[in-house]
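Everything below concerns the one structure shown next.
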Amino acid sequence: MAKPDTRRLDREIQQTTRKLKAVQEREMWPLTGPERRTILAALAGGSYKVLRGNNPARADRKLKTAWGSAETRLTAEITALQRERQRIVHEAATAKAAKKSSGWW
């Protein structure tokens, strides 16, 4: 029996890891639409507050929360993909062991 085919999952894990690293560096490209809108709204609100001479603390908190939720989402995706990959590998190993044990000897 051949090794399990995990290339697709490996590629997805690698891509999601790249997205997580980009979010940690505060890049916008890996964000979903609602996340982008939240971040841009917080940036605009904070800029307006600074322009008016007020404290942008609420906008800063909103911005940190949005980035944090994006990181959490991507971390959860990576974890789910790794679990799925492990499940596939485990199933292949179980099938291989069952095939070996049911041999003629």
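The way I read the labels, and the way they are meant: chains A, B, ... in the order of the structure tokens, residue 1 as the first residue of every chain, and ligand 1 as the first ligand shown, with later ones counted on from there.
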Selection near Arg8 of chain A, 12 Å with only C-alpha atoms, sequence-local residues under 6 positions removed, as an NGL selection string: :A and (14-15 or 81-82 or 84-85 or 88)
message: Just checking: using only C-alpha atoms, which residue out of A:Arg52, A:Arg87, A:Lys99, A:Arg73 ends up closest to Thr32 of chain A?
response: A:Arg73
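Counting from atom CA of Pro30 of chain A, the distance to atom CA of Glu71 of chain A is 10.3 Å.
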message: Would you pick out the contacts of segment 57-68 of chain A at 6 Å or less, using only C-alpha atoms, so that residues sharing its chain but fewer than 5 positions from it are not included, and give the list as a ChimeraX atom specification?
response: /A:39,42,46
Residue selection dump (N, CA and C atoms) as a compact mmCIF listing (two decimals), in the first residue's frame:
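Now in result-v6.txt:
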# COMPACT_ATOMS: atom_id res chain seq x y z
N ILE A 39 -11.16 46.68 9.99
CA ILE A 39 -9.85 47.32 10.18
C ILE A 39 -9.83 48.71 9.54
N ALA A 42 -11.83 51.09 11.68
CA ALA A 42 -11.09 51.48 12.89
C ALA A 42 -9.98 52.47 12.54
N GLY A 46 -9.97 56.20 13.98
CA GLY A 46 -8.82 56.68 14.74
C GLY A 46 -8.18 57.89 14.12
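Excluding Ile78 of chain A and any residue on its chain fewer than 5 positions from it, the residues at most 8 Å away by only C-alpha atoms are Ile13, Thr16 and Thr17 of chain A.
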query: So which residues of chain A fall under alpha helix (DSSP H) by DSSP, listed as a ChimeraX atom specification?
result: /A:7-24,33-52,57-101
